[in-house]
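Participant: File run.pdb follows (PDB, C-alpha atoms):
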MODEL        1
ATOM      1  CA  MET A 184      27.756 -17.401   5.108
ATOM      2  CA  LEU A 185      24.654 -16.113   6.918
ATOM      3  CA  ALA A 186      26.539 -13.044   8.124
ATOM      4  CA  LYS A 187      27.649 -12.281   4.561
ATOM      5  CA  LEU A 188      24.080 -12.674   3.308
ATOM      6  CA  LYS A 189      22.783 -10.259   5.988
ATOM      7  CA  THR A 190      25.514  -7.755   5.098
ATOM      8  CA  TYR A 191      24.637  -8.033   1.396
ATOM      9  CA  LEU A 192      20.894  -7.602   2.012
ATOM     10  CA  PHE A 193      21.479  -4.688   4.383
ATOM     11  CA  GLY A 194      23.747  -2.988   1.854
ATOM     12  CA  SER A 195      21.324  -3.686  -0.985
ATOM     13  CA  ILE A 196      18.422  -2.102   0.910
ATOM     14  CA  PHE A 197      20.375   1.055   1.603
ATOM     15  CA  ARG A 198      21.677   1.275  -1.975
ATOM     16  CA  ARG A 199      18.080   1.139  -3.236
ATOM     17  CA  GLY A 200      17.060   3.611  -0.547
ATOM     18  CA  ALA A 201      19.869   5.989  -1.495
ATOM     19  CA  THR A 202      18.849   5.795  -5.163
ATOM     20  CA  LEU A 203      15.201   6.464  -4.309
ATOM     21  CA  LEU A 204      16.102   9.390  -2.056
ATOM     22  CA  THR A 205      18.325  10.828  -4.786
ATOM     23  CA  PHE A 206      15.442  10.895  -7.265
ATOM     24  CA  LEU A 207      12.991  12.258  -4.690
ATOM     25  CA  THR A 208      15.489  14.953  -3.687
ATOM     26  CA  LEU A 209      15.871  15.934  -7.343
ATOM     27  CA  GLY A 210      12.076  16.122  -7.554
ATOM     28  CA  SER A 211      12.024  18.383  -4.504
ATOM     29  CA  TYR A 212      14.688  20.655  -6.009
ATOM     30  CA  ALA A 213      12.768  20.801  -9.297
ATOM     31  CA  LEU A 214       9.583  21.778  -7.472
ATOM     32  CA  GLY A 215      11.570  24.307  -5.443
ATOM     33  CA  LEU A 216      12.832  25.835  -8.689
ATOM     34  CA  LEU A 217       9.259  25.994 -10.006
ATOM     35  CA  ARG A 218       8.239  27.649  -6.726
ATOM     36  CA  ASP A 219      10.915  30.328  -7.138
ATOM     37  CA  ILE A 220       9.947  30.916 -10.774
ATOM     38  CA  LEU A 221       6.297  31.355  -9.815
ATOM     39  CA  PHE A 222       7.194  33.720  -6.979
ATOM     40  CA  ALA A 223       9.311  35.796  -9.355
ATOM     41  CA  ARG A 224       6.540  35.827 -11.943
ATOM     42  CA  PHE A 225       3.732  36.813  -9.582
ATOM     43  CA  PHE A 226       5.588  39.064  -7.129
ATOM     44  CA  GLY A 227       8.818  40.094  -8.843
ATOM     45  CA  ALA A 228      11.398  42.056  -6.849
ATOM     46  CA  SER A 229       8.696  43.446  -4.576
ATOM     47  CA  ARG A 230       8.838  44.665  -0.999
ATOM     48  CA  LEU A 231       6.315  41.969  -0.088
ATOM     49  CA  LEU A 232       8.743  39.252  -1.156
ATOM     50  CA  ASP A 233      11.496  40.888   0.919
ATOM     51  CA  VAL A 234       9.218  40.885   3.976
ATOM     52  CA  TYR A 235       8.140  37.288   3.287
ATOM     53  CA  ASN A 236      11.734  36.058   3.049
ATOM     54  CA  ALA A 237      12.789  38.005   6.156
ATOM     55  CA  ALA A 238       9.893  36.501   8.122
ATOM     56  CA  PHE A 239      11.519  33.057   7.813
ATOM     57  CA  ILE A 240      14.763  34.021   9.546
ATOM     58  CA  ILE A 241      13.766  33.546  13.190
ATOM     59  CA  PRO A 242      11.433  30.498  12.720
ATOM     60  CA  ASP A 243      14.118  28.830  10.570
ATOM     61  CA  LEU A 244      16.697  29.546  13.275
ATOM     62  CA  LEU A 245      14.536  27.714  15.820
ATOM     63  CA  LEU A 246      14.024  24.890  13.332
ATOM     64  CA  ASN A 247      17.702  24.431  12.517
ATOM     65  CA  ILE A 248      19.061  24.759  16.052
ATOM     66  CA  PHE A 249      16.485  22.830  18.063
ATOM     67  CA  VAL A 250      14.704  20.502  15.610
ATOM     68  CA  ALA A 251      17.317  19.628  12.988
ATOM     69  CA  GLY A 252      20.106  20.028  15.536
ATOM     70  CA  ALA A 253      19.681  19.383  19.238
ATOM     71  CA  LEU A 254      16.507  17.264  19.278
ATOM     72  CA  THR A 255      17.587  15.078  16.356
ATOM     73  CA  ALA A 256      21.072  14.603  17.816
ATOM     74  CA  ALA A 257      19.537  13.443  21.105
ATOM     75  CA  PHE A 258      16.933  11.144  19.580
ATOM     76  CA  VAL A 259      18.566   9.352  16.633
ATOM     77  CA  PRO A 260      21.443   7.501  18.399
ATOM     78  CA  ILE A 261      19.215   6.256  21.231
ATOM     79  CA  PHE A 262      16.355   5.112  18.999
ATOM     80  CA  THR A 263      18.651   3.490  16.423
ATOM     81  CA  HIS A 264      20.599   1.652  19.130
ATOM     82  CA  LEU A 265      17.438   0.263  20.737
ATOM     83  CA  TYR A 266      15.897  -0.683  17.394
ATOM     84  CA  ALA A 267      19.095  -2.438  16.230
ATOM     85  CA  ARG A 268      19.066  -4.516  19.432
ATOM     86  CA  ASN A 269      15.409  -5.492  18.842
ATOM     87  CA  GLU A 270      14.324  -3.665  21.988
ATOM     88  CA  ASP A 271      11.119  -2.589  20.246
ATOM     89  CA  VAL A 272       9.165  -1.696  23.378
ATOM     90  CA  GLU A 273      11.875   0.644  24.658
ATOM     91  CA  ALA A 274      12.382   2.103  21.192
ATOM     92  CA  GLU A 275       8.646   2.797  20.946
ATOM     93  CA  LYS A 276       8.688   4.512  24.352
ATOM     94  CA  VAL A 277      11.578   6.744  23.266
ATOM     95  CA  ALA A 278       9.797   7.599  19.998
ATOM     96  CA  THR A 279       6.513   8.369  21.759
ATOM     97  CA  THR A 280       8.294  10.542  24.308
ATOM     98  CA  MET A 281      10.048  12.433  21.544
ATOM     99  CA  LEU A 282       6.841  12.935  19.554
ATOM    100  CA  VAL A 283       5.208  14.502  22.612
ATOM    101  CA  THR A 284       8.085  16.452  24.142
ATOM    102  CA  ALA A 285       9.664  17.865  20.967
ATOM    103  CA  PRO A 286       6.670  19.994  19.870
ATOM    104  CA  PHE A 287       6.050  20.932  23.518
ATOM    105  CA  ILE A 288       9.624  22.210  23.879
ATOM    106  CA  LEU A 289       9.287  24.182  20.619
ATOM    107  CA  LEU A 290       5.977  25.614  21.840
ATOM    108  CA  ILE A 291       7.593  26.782  25.086
ATOM    109  CA  LEU A 292      10.471  28.330  23.157
ATOM    110  CA  ALA A 293       8.073  29.966  20.696
ATOM    111  CA  ILE A 294       6.145  31.853  23.401
ATOM    112  CA  PRO A 295       8.889  34.367  24.357
ATOM    113  CA  VAL A 296       9.950  34.590  20.698
ATOM    114  CA  PHE A 297       6.347  35.457  19.799
ATOM    115  CA  ILE A 298       6.220  38.135  22.513
ATOM    116  CA  PHE A 299       9.554  39.746  21.649
ATOM    117  CA  MET A 300       9.259  39.344  17.872
ATOM    118  CA  PRO A 301       9.201  43.124  17.201
ATOM    119  CA  ARG A 302      12.596  43.540  18.903
ATOM    120  CA  LEU A 303      14.005  40.400  17.289
ATOM    121  CA  ALA A 304      12.816  41.576  13.880
ATOM    122  CA  ASP A 305      14.786  44.795  14.342
ATOM    123  CA  LEU A 306      17.903  42.736  15.057
ATOM    124  CA  VAL A 307      17.707  40.241  12.180
ATOM    125  CA  ALA A 308      15.969  42.355   9.538
ATOM    126  CA  PRO A 309      16.496  46.080  10.184
ATOM    127  CA  GLY A 310      15.594  48.843   7.778
ATOM    128  CA  PHE A 311      11.956  48.079   6.992
ATOM    129  CA  ALA A 312       9.380  50.848   7.048
ATOM    130  CA  LEU A 313       6.860  50.759   9.895
ATOM    131  CA  GLU A 314       4.086  49.189   7.795
ATOM    132  CA  ASP A 315       6.438  46.549   6.379
ATOM    133  CA  LYS A 316       7.832  45.818   9.836
ATOM    134  CA  GLU A 317       4.337  45.238  11.220
ATOM    135  CA  LEU A 318       3.645  42.771   8.403
ATOM    136  CA  LEU A 319       7.025  41.115   8.994
ATOM    137  CA  VAL A 320       6.287  40.643  12.700
ATOM    138  CA  LEU A 321       2.845  39.192  11.958
ATOM    139  CA  MET A 322       4.207  36.810   9.325
ATOM    140  CA  ALA A 323       7.097  35.697  11.539
ATOM    141  CA  ARG A 324       4.752  35.044  14.460
ATOM    142  CA  LEU A 325       2.505  32.868  12.295
ATOM    143  CA  LEU A 326       5.520  31.041  10.895
ATOM    144  CA  LEU A 327       6.421  29.927  14.436
ATOM    145  CA  LEU A 328       3.873  27.166  13.798
ATOM    146  CA  SER A 329       6.291  25.681  11.284
ATOM    147  CA  PRO A 330       9.097  24.479  13.628
ATOM    148  CA  ILE A 331       6.474  23.027  15.984
ATOM    149  CA  ILE A 332       5.027  20.953  13.135
ATOM    150  CA  PHE A 333       8.497  19.993  11.899
ATOM    151  CA  ALA A 334       9.463  18.840  15.398
ATOM    152  CA  VAL A 335       6.952  16.007  14.919
ATOM    153  CA  SER A 336       7.613  15.467  11.216
ATOM    154  CA  ASN A 337      11.401  15.256  11.571
ATOM    155  CA  THR A 338      11.032  12.730  14.378
ATOM    156  CA  LEU A 339       8.816  10.604  12.147
ATOM    157  CA  GLY A 340      11.383  10.963   9.377
ATOM    158  CA  ASN A 341      14.157   9.654  11.622
ATOM    159  CA  ILE A 342      11.959   6.709  12.580
ATOM    160  CA  LEU A 343      11.255   5.958   8.910
ATOM    161  CA  ILE A 344      14.963   5.922   8.086
ATOM    162  CA  SER A 345      15.577   3.540  10.998
ATOM    163  CA  PHE A 346      12.820   1.295   9.610
ATOM    164  CA  GLU A 347      14.461   1.495   6.147
ATOM    165  CA  ARG A 348      11.299   3.058   4.706
ATOM    166  CA  PHE A 349      12.283   5.838   2.358
ATOM    167  CA  TRP A 350       9.156   6.896   0.444
ATOM    168  CA  GLY A 351       7.540   9.002   3.165
ATOM    169  CA  TYR A 352      10.888  10.486   4.155
ATOM    170  CA  GLY A 353      11.728  11.536   0.591
ATOM    171  CA  LEU A 354       8.254  12.639  -0.516
ATOM    172  CA  ALA A 355       7.713  15.008   2.434
ATOM    173  CA  PRO A 356       9.892  17.875   1.082
ATOM    174  CA  ILE A 357       8.093  17.645  -2.275
ATOM    175  CA  PHE A 358       4.745  18.133  -0.562
ATOM    176  CA  TYR A 359       6.188  20.973   1.521
ATOM    177  CA  ASN A 360       7.159  22.830  -1.657
ATOM    178  CA  LEU A 361       3.756  22.033  -3.115
ATOM    179  CA  GLY A 362       2.097  23.654  -0.089
ATOM    180  CA  ILE A 363       4.205  26.786  -0.517
ATOM    181  CA  ILE A 364       3.139  26.954  -4.180
ATOM    182  CA  ILE A 365      -0.501  26.687  -3.054
ATOM    183  CA  GLY A 366       0.146  29.872  -1.079
ATOM    184  CA  ILE A 367       0.499  31.877  -4.309
ATOM    185  CA  PRO A 368      -3.188  31.693  -5.331
ATOM    186  CA  LEU A 369      -4.123  32.027  -1.650
ATOM    187  CA  ALA A 370      -2.270  35.347  -1.605
ATOM    188  CA  LYS A 371      -4.456  36.555  -4.455
ATOM    189  CA  VAL A 372      -7.522  35.894  -2.288
ATOM    190  CA  PHE A 373      -6.337  36.590   1.281
ATOM    191  CA  GLY A 374      -3.474  38.993   0.673
ATOM    192  CA  PRO A 375       0.070  38.535   2.058
ATOM    193  CA  LEU A 376      -1.062  36.155   4.801
ATOM    194  CA  GLY A 377      -2.116  33.703   2.094
ATOM    195  CA  LEU A 378       1.594  33.076   1.517
ATOM    196  CA  ILE A 379       2.002  32.113   5.168
ATOM    197  CA  GLY A 380      -1.047  29.884   4.847
ATOM    198  CA  GLY A 381       0.760  28.067   2.037
ATOM    199  CA  VAL A 382       3.815  27.496   4.236
ATOM    200  CA  VAL A 383       1.691  26.096   7.071
ATOM    201  CA  ILE A 384      -0.200  23.881   4.598
ATOM    202  CA  GLY A 385       3.154  22.667   3.266
ATOM    203  CA  ALA A 386       4.411  21.861   6.771
ATOM    204  CA  LEU A 387       1.204  19.939   7.526
ATOM    205  CA  LEU A 388       1.536  18.021   4.248
ATOM    206  CA  HIS A 389       5.172  17.269   5.155
ATOM    207  CA  LEU A 390       3.919  15.802   8.438
ATOM    208  CA  ALA A 391       0.937  13.992   6.884
ATOM    209  CA  VAL A 392       3.040  12.135   4.307
ATOM    210  CA  ARG A 393       5.410  10.783   6.951
ATOM    211  CA  TRP A 394       2.592   9.992   9.357
ATOM    212  CA  ALA A 395       0.801   8.019   6.625
ATOM    213  CA  ASP A 396       3.965   6.025   5.918
ATOM    214  CA  ILE A 397       4.445   5.254   9.624
ATOM    215  CA  ALA A 398       0.797   4.252  10.056
ATOM    216  CA  LYS A 399       0.582   1.779   7.183
TER     217      LYS A 399
ENDMDL
END
Here is the file; what I need is its structure written in the form of structure tokens.

Facilitator:
Amino acid sequence: MLAKLKTYLFGSIFRRGATLLTFLTLGSYALGLLRDILFARFFGASRLLDVYNAAFIIPDLLLNIFVAGALTAAFVPIFTHLYARNEDVEAEKVATTMLVTAPFILLILAIPVFIFMPRLADLVAPGFALEDKELLVLMARLLLLSPIIFAVSNTLGNILISFERFWGYGLAPIFYNLGIIIGIPLAKVFGPLGLIGGVVIGALLHLAVRWADIAK
């Protein structure tokens, strides 16, 4: 009887969590659509927007391969196993280690990418004029901050899911899109780099929301 009750409560929690995440994901998509509409309205089919989009290619590659891929795959099974067995001290050690080492690894990887960005830009986004290429390289170098921030934020997100706390996990992408939207008026003041400022603000908001949920 007790086992059935635990199974029911566990299933109920995750059903509510799945429903909440569904609505928050829809909210994120809606804000993403608004973001795209605003970009189209303010910048249109401009060369700046082409450069801006191309600048994401290499930082996003680092993010998807090392943060969303390798680091998450290494962390989640170990942490979840320890937490499920009530080995809280060991689970906390693993989480702390991950929160320190993950951004450090991304920082180490980002250094050669930063140095060789002009050559990498030619490989992934050829055909830009010299002035546009220089802006692309600068934007892409600044965007290398993003995977470093997400290395921490994604780790916190995995911890939140293990704790069955879904608000911070689901709200983070909404705040990320909000930060990118903030970059539009920043671009009117600071030029093209204002757009990158919006992305970095969004990544920091993504991290802050999850950190606040962990800390409470």

Participant: Distance CA of Ile298 (chain A)-CA of Val320 (chain A), one decimal place?

Facilitator: 10.1 Å

Participant: Would you write out, as number ranges by chain, every residue that the PyMOL selection byres ((chain A and resi 323-339) around 7) captures in this file?

Facilitator: A: 238-239, 242, 245-246, 250, 282, 285-286, 289-290, 293, 297, 319-322, 340-343, 379, 383, 386-387, 389-390, 393-394

Participant: With only C-alpha atoms as the basis for distance, which of A:Ala201, A:Ile363, A:Ala256, A:Leu313 is at the shortest distance from Asp219 (chain A)?

Facilitator: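 Among the listed residues, A:Ile363 lies closest to Asp219 (chain A).
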
Participant: Would you compute the distance between CA of Ala370 (chain A) and CA of Phe226 (chain A)? Give it in Å to one decimal.

Facilitator: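 The value is 10.3 Å.
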
Participant: Just give me the gap between CA of Thr205 (chain A) and CA of Glu347 (chain A) in Å, one decimal is fine.

Facilitator: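 The value is 14.9 Å.
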